[in-house]
Structure formats: C-alpha cells, structure tokens
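One structure below.
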Amino acid sequence: MAPNKTILIVDDHTLFRKGLKAIIGTNNGFEITGEAGNATDGLLLADKIRPDLMIIDISLPDKDGIILLREVRKNFPEIKVMVLSMHSKSDYILEAFRSGALSYIVKDSATENLLSGLHAISKNEHYIDNTIAKDIIFGLQDSNYKQKNKGTSYERLTAREQQIFRLLVEGISVKEISKKLFISPKTVENHRGNILKKLNLHTTIELIHYAIDVGLIERTTSQY
C-alpha cells in the first residue's frame, strides 16, 4: 500500500483548519503533518517537514499567500500547492496559477471539492473549483478582458507592491499596513509612492478606481 500523502495547511483561521482536518480525515490517502497560521511559520514548516502537498490561503496576517506560494515553489519545487481562498475573482485565480499553484478552490465549496483537488495535485494534475471554472473560461475567451489585462501596469508591480496595493484599496491605513506587514510606515509610504508612479496615478481614490477597472475589486455603493 502506498504511503499517505503528507499535507501542510497554512490558514490563519483555527476553526477553518479544524474543518479541513475533519474533511481530510475521512480519506485514507492523506495525512496532515503540519499547520500554520501565517506565511512565515508556513515557510519554516515547509522546510522542516517537507510535505508532499500544501494548502495555502491568500489572506494571511503577515504576508500575501501568493507571495508565500511563489517562495514555496522557488525553494521547494517538489511540493504541490493548492490555494484555498474566499476570493473568487478571476484575477486572484489566474495569478495563483501563474505563480505555480496546481489547484484553486473557493472556501465555500471546500466540502465538495477539497478531496478531488488533493487527489488531482498529488498526481501533478491541475484542478479548479467547478463553481468558478465557467467564469475563468469565459474571462479568458472574452477579447475585451484579455485586451484590458494584457500588459497592464499592475503586472509590473513587485509582489510586495501588489500586496500593499491590495491593502490600500481595501481601505487599510498606512499605519495598519505597517503593523500587518511588520515594516515601518515610511516604508509603506515609499511603496505607495512607487505604486502611484508606476500606475501613473496620484491619489488612493484613483487607486480604487484603477482596481475596479482591472477587476481586482468590485464597485460598491460606498466607493467613489
């Protein structure tokens, strides 16, 4: 009998991790050998236990999960990675696959799709949540979508700048971002200035409009 595939879970919600363990525990082919609540601990554990598979959330308290994904793929290319996130917008999904994920599943459908995704990536196959697959296909087929995103200035931002960009458009203050990312407010301001310069923008309001235009966030009644 083949040994169980080992799994490392990186998600900052303890109850959600508990739920994943309950689902995975129903299948004899997998074994959870580690869990972490932030990206820093996740990367350290990946190095220590070298799991076969990793499940990574995008929204982590210390670092964007996409950045963690890239670091894992760079340092431990043998580890197969699934992204499990609340985000269902095509930009997040495509960025995850571009960064080396083999699977992307939305948290709301984890009960139905988690084990199928794990079986797929354990065989080095791609797997995408069936609740979002159609949206991705339609998005890729839409010529307007491809034209809008081809060569976008956003792609020229560094991983750190993209992380700060997303926090800024979510309405998080410079001070809060500095605490969240463990960097000084001055460093956040420097990154903000570089982001505005690269995108040819001048204010945070313009950043929000830009994020809406390229599909990174949805327009709400509270936005300008």
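Here's how to read the names in the structure tokens: chain A, B, ... by the order shown, residue numbers from 1 in each chain, ligand numbers from 1 in the order shown.
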
Inset, instruction - Do a neighbour search on A:Glu206 at 12 Å with only C-alpha atoms, toss out local chain neighbours closer than 2 positions, and write the hits as number ranges by chain. - result: A: 165, 168-169, 195-197, 199-204, 208-213, 223-224

Export of prior selection with C-alpha atoms as a PDB file, in the first residue's frame:
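That gives us result_4.pdb:
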ATOM      1  CA  PHE A 165      -1.794  47.928  -3.395  1.00  0.00           C
ATOM      2  CA  LEU A 168      -4.649  50.225   0.284  1.00  0.00           C
ATOM      3  CA  VAL A 169      -7.691  49.709  -1.934  1.00  0.00           C
ATOM      4  CA  ILE A 195       2.864  52.181  -6.913  1.00  0.00           C
ATOM      5  CA  LEU A 196       1.277  55.505  -7.855  1.00  0.00           C
ATOM      6  CA  LYS A 197       4.223  56.365 -10.087  1.00  0.00           C
ATOM      7  CA  LEU A 199       0.436  53.206 -12.456  1.00  0.00           C
ATOM      8  CA  ASN A 200       0.552  56.905 -13.390  1.00  0.00           C
ATOM      9  CA  LEU A 201      -1.914  57.742 -10.611  1.00  0.00           C
ATOM     10  CA  HIS A 202      -1.915  60.403  -7.886  1.00  0.00           C
ATOM     11  CA  THR A 203      -4.307  59.515  -5.061  1.00  0.00           C
ATOM     12  CA  THR A 204      -5.702  56.493  -3.216  1.00  0.00           C
ATOM     13  CA  ILE A 208      -9.511  52.322  -6.042  1.00  0.00           C
ATOM     14  CA  HIS A 209     -10.922  53.295  -9.430  1.00  0.00           C
ATOM     15  CA  TYR A 210      -7.978  51.570 -11.114  1.00  0.00           C
ATOM     16  CA  ALA A 211      -8.554  48.387  -9.061  1.00  0.00           C
ATOM     17  CA  ILE A 212     -12.208  48.388 -10.139  1.00  0.00           C
ATOM     18  CA  ASP A 213     -11.298  48.965 -13.800  1.00  0.00           C
ATOM     19  CA  GLN A 223     -16.838  53.658  -3.210  1.00  0.00           C
ATOM     20  CA  TYR A 224     -16.435  56.817  -5.269  1.00  0.00           C
TER      21      TYR A 224
END

Legend entry - Near-stretch 11-22 of chain A list (8 Å; only C-alpha atoms; drop same-chain fewer than 3 positions) as a PyMOL selection string: chain A and resi 25-26+32+35-38+56-57+60-61

Could you write out that same residue set with C-alpha atoms as a PDB file, in the first residue's frame?
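This went into again_1.pdb:
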ATOM      1  CA  GLY A  25      -9.531  12.727   7.897  1.00  0.00           C
ATOM      2  CA  THR A  26     -12.286  10.904   6.001  1.00  0.00           C
ATOM      3  CA  ILE A  32      -1.898  16.273   7.846  1.00  0.00           C
ATOM      4  CA  GLU A  35      -0.377  23.511  10.171  1.00  0.00           C
ATOM      5  CA  ALA A  36       0.480  27.195  10.444  1.00  0.00           C
ATOM      6  CA  GLY A  37      -1.460  30.399  10.982  1.00  0.00           C
ATOM      7  CA  ASN A  38       0.802  32.698   8.967  1.00  0.00           C
ATOM      8  CA  ILE A  56      -2.403  27.912   1.261  1.00  0.00           C
ATOM      9  CA  ASP A  57      -4.878  30.712   1.932  1.00  0.00           C
ATOM     10  CA  LEU A  60      -2.663  35.730   5.662  1.00  0.00           C
ATOM     11  CA  PRO A  61      -1.841  38.142   8.515  1.00  0.00           C
TER      12      PRO A  61
END

Inset, instruction - Select, from A:Ile79, A:Ile105, A:Ala110, A:Leu157, the residue with the minimum atom-to-atom distance to A:Pro51, counting only C-alpha atoms. - result: A:Ile79

Legend entry - Atomic distance atom CA of A:Met86 - atom CA of A:Ser59, expressed in Å with one decimal: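 Going from atom CA of A:Met86 over to atom CA of A:Ser59 covers 8.4 Å.
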
Legend entry - DSSP strand (DSSP E or B) residues within stretch 29-165 of chain A, as a list in words: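 Listing strand (DSSP E or B) positions across stretch 29-165 of chain A yields Phe30, Glu31, Ile32, Thr33, Gly34, Glu35, Ala36, Leu53, Met54, Ile55, Ile56, Lys80, Val81, Met82, Val83, Leu84, Ser85, Ser103, Tyr104, Ile105, Val106, Tyr127 and Ile128 of chain A.
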
Inset, instruction - Report the residues of stretch 71-211 of chain A whose backbone DSSP state falls under helix (DSSP H, G or I), written as a PyMOL selection string. - result: chain A and resi 71-75+90-98+107-122+133-141+143-149+153-156+159-169+174-181+185-199+204-211

If you keep C-alpha atoms, can you produce a file of those selected residues as a PDB file, in the first residue's frame?
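Once everything was written out, this is part.pdb:
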ATOM      1  CA  GLU A  71       8.511  31.256  -2.204  1.00  0.00           C
ATOM      2  CA  VAL A  72       7.440  27.637  -1.763  1.00  0.00           C
ATOM      3  CA  ARG A  73       7.657  26.931  -5.481  1.00  0.00           C
ATOM      4  CA  LYS A  74      11.095  28.576  -5.653  1.00  0.00           C
ATOM      5  CA  ASN A  75      12.599  26.857  -2.613  1.00  0.00           C
ATOM      6  CA  SER A  90     -10.579  35.649 -11.882  1.00  0.00           C
ATOM      7  CA  ASP A  91      -7.563  37.905 -11.218  1.00  0.00           C
ATOM      8  CA  TYR A  92      -6.712  36.109  -7.975  1.00  0.00           C
ATOM      9  CA  ILE A  93      -7.216  32.711  -9.568  1.00  0.00           C
ATOM     10  CA  LEU A  94      -5.113  33.397 -12.651  1.00  0.00           C
ATOM     11  CA  GLU A  95      -2.352  34.925 -10.509  1.00  0.00           C
ATOM     12  CA  ALA A  96      -2.324  31.823  -8.312  1.00  0.00           C
ATOM     13  CA  PHE A  97      -1.884  29.527 -11.307  1.00  0.00           C
ATOM     14  CA  ARG A  98       0.750  31.811 -12.820  1.00  0.00           C
ATOM     15  CA  LYS A 107     -13.619  28.125   0.662  1.00  0.00           C
ATOM     16  CA  ASP A 108     -17.411  27.975   0.359  1.00  0.00           C
ATOM     17  CA  SER A 109     -17.131  24.816  -1.738  1.00  0.00           C
ATOM     18  CA  ALA A 110     -14.277  23.136   0.155  1.00  0.00           C
ATOM     19  CA  THR A 111     -16.544  20.364   1.426  1.00  0.00           C
ATOM     20  CA  GLU A 112     -17.427  19.319  -2.131  1.00  0.00           C
ATOM     21  CA  ASN A 113     -14.121  19.919  -3.896  1.00  0.00           C
ATOM     22  CA  LEU A 114     -11.245  19.606  -1.432  1.00  0.00           C
ATOM     23  CA  LEU A 115     -10.557  15.878  -1.722  1.00  0.00           C
ATOM     24  CA  SER A 116     -10.918  15.883  -5.519  1.00  0.00           C
ATOM     25  CA  GLY A 117      -8.418  18.736  -5.690  1.00  0.00           C
ATOM     26  CA  LEU A 118      -5.961  16.952  -3.401  1.00  0.00           C
ATOM     27  CA  HIS A 119      -6.156  13.748  -5.422  1.00  0.00           C
ATOM     28  CA  ALA A 120      -5.506  15.735  -8.606  1.00  0.00           C
ATOM     29  CA  ILE A 121      -2.478  17.679  -7.392  1.00  0.00           C
ATOM     30  CA  SER A 122      -0.990  14.571  -5.771  1.00  0.00           C
ATOM     31  CA  ALA A 133     -14.418  27.222 -13.747  1.00  0.00           C
ATOM     32  CA  LYS A 134     -17.001  28.704 -16.126  1.00  0.00           C
ATOM     33  CA  ASP A 135     -16.175  32.261 -15.071  1.00  0.00           C
ATOM     34  CA  ILE A 136     -12.486  31.644 -15.749  1.00  0.00           C
ATOM     35  CA  ILE A 137     -13.170  30.126 -19.164  1.00  0.00           C
ATOM     36  CA  PHE A 138     -15.490  32.961 -20.162  1.00  0.00           C
ATOM     37  CA  GLY A 139     -12.998  35.508 -18.896  1.00  0.00           C
ATOM     38  CA  LEU A 140     -10.181  34.014 -20.957  1.00  0.00           C
ATOM     39  CA  GLN A 141     -12.381  33.840 -24.045  1.00  0.00           C
ATOM     40  CA  SER A 143     -11.368  39.502 -26.016  1.00  0.00           C
ATOM     41  CA  ASN A 144     -12.132  42.664 -24.072  1.00  0.00           C
ATOM     42  CA  TYR A 145     -10.954  41.007 -20.880  1.00  0.00           C
ATOM     43  CA  LYS A 146      -7.703  39.879 -22.486  1.00  0.00           C
ATOM     44  CA  GLN A 147      -7.066  43.261 -24.051  1.00  0.00           C
ATOM     45  CA  LYS A 148      -7.709  45.083 -20.786  1.00  0.00           C
ATOM     46  CA  ASN A 149      -5.324  42.888 -18.810  1.00  0.00           C
ATOM     47  CA  SER A 153       0.797  48.245 -15.401  1.00  0.00           C
ATOM     48  CA  TYR A 154      -0.334  46.251 -12.379  1.00  0.00           C
ATOM     49  CA  GLU A 155       1.736  43.303 -13.581  1.00  0.00           C
ATOM     50  CA  ARG A 156       4.848  45.477 -13.437  1.00  0.00           C
ATOM     51  CA  ALA A 159       4.993  41.199  -5.297  1.00  0.00           C
ATOM     52  CA  ARG A 160       5.317  43.466  -2.246  1.00  0.00           C
ATOM     53  CA  GLU A 161       3.847  46.428  -4.151  1.00  0.00           C
ATOM     54  CA  GLN A 162       0.904  44.302  -5.278  1.00  0.00           C
ATOM     55  CA  GLN A 163       0.340  43.240  -1.673  1.00  0.00           C
ATOM     56  CA  ILE A 164       0.340  46.854  -0.426  1.00  0.00           C
ATOM     57  CA  PHE A 165      -1.794  47.928  -3.395  1.00  0.00           C
ATOM     58  CA  ARG A 166      -4.498  45.437  -2.374  1.00  0.00           C
ATOM     59  CA  LEU A 167      -4.400  46.562   1.251  1.00  0.00           C
ATOM     60  CA  LEU A 168      -4.649  50.225   0.284  1.00  0.00           C
ATOM     61  CA  VAL A 169      -7.691  49.709  -1.934  1.00  0.00           C
ATOM     62  CA  VAL A 174      -0.637  53.168   6.214  1.00  0.00           C
ATOM     63  CA  LYS A 175      -0.168  52.670   9.960  1.00  0.00           C
ATOM     64  CA  GLU A 176      -2.256  49.484   9.970  1.00  0.00           C
ATOM     65  CA  ILE A 177      -0.407  48.148   6.919  1.00  0.00           C
ATOM     66  CA  SER A 178       2.937  48.762   8.601  1.00  0.00           C
ATOM     67  CA  LYS A 179       1.814  46.744  11.630  1.00  0.00           C
ATOM     68  CA  LYS A 180       0.322  43.983   9.475  1.00  0.00           C
ATOM     69  CA  LEU A 181       3.459  43.575   7.357  1.00  0.00           C
ATOM     70  CA  PRO A 185       5.106  53.452   7.969  1.00  0.00           C
ATOM     71  CA  LYS A 186       7.820  55.245   5.964  1.00  0.00           C
ATOM     72  CA  THR A 187       8.488  52.052   4.004  1.00  0.00           C
ATOM     73  CA  VAL A 188       4.764  51.700   3.292  1.00  0.00           C
ATOM     74  CA  GLU A 189       4.658  55.319   2.091  1.00  0.00           C
ATOM     75  CA  ASN A 190       7.653  54.676  -0.171  1.00  0.00           C
ATOM     76  CA  HIS A 191       5.928  51.656  -1.669  1.00  0.00           C
ATOM     77  CA  ARG A 192       2.722  53.668  -2.081  1.00  0.00           C
ATOM     78  CA  GLY A 193       4.642  56.362  -3.936  1.00  0.00           C
ATOM     79  CA  ASN A 194       6.246  53.791  -6.225  1.00  0.00           C
ATOM     80  CA  ILE A 195       2.864  52.181  -6.913  1.00  0.00           C
ATOM     81  CA  LEU A 196       1.277  55.505  -7.855  1.00  0.00           C
ATOM     82  CA  LYS A 197       4.223  56.365 -10.087  1.00  0.00           C
ATOM     83  CA  LYS A 198       4.194  53.027 -11.913  1.00  0.00           C
ATOM     84  CA  LEU A 199       0.436  53.206 -12.456  1.00  0.00           C
ATOM     85  CA  THR A 204      -5.702  56.493  -3.216  1.00  0.00           C
ATOM     86  CA  ILE A 205      -9.120  57.231  -4.713  1.00  0.00           C
ATOM     87  CA  GLU A 206      -7.562  56.838  -8.165  1.00  0.00           C
ATOM     88  CA  LEU A 207      -6.035  53.562  -6.962  1.00  0.00           C
ATOM     89  CA  ILE A 208      -9.511  52.322  -6.042  1.00  0.00           C
ATOM     90  CA  HIS A 209     -10.922  53.295  -9.430  1.00  0.00           C
ATOM     91  CA  TYR A 210      -7.978  51.570 -11.114  1.00  0.00           C
ATOM     92  CA  ALA A 211      -8.554  48.387  -9.061  1.00  0.00           C
TER      93      ALA A 211
END

Inset, instruction - Could you check how far atom CA of A:Asn28 sits from atom CA of A:Ile58, in Å to one decimal? - result: 27.1 Å

Inset, instruction - Kindly indicate which residue among A:Lys48, A:Ser85, A:Ile128, A:Glu31 lies nearest to A:Pro3, using only C-alpha atoms for the distances. - result: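 Closest candidate: A:Glu31.
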
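Between A:Tyr104 and the candidates A:Arg70, A:His87, A:Lys123, A:Arg50, the tightest atom-to-atom separation, counting only C-alpha atoms, involves A:His87.
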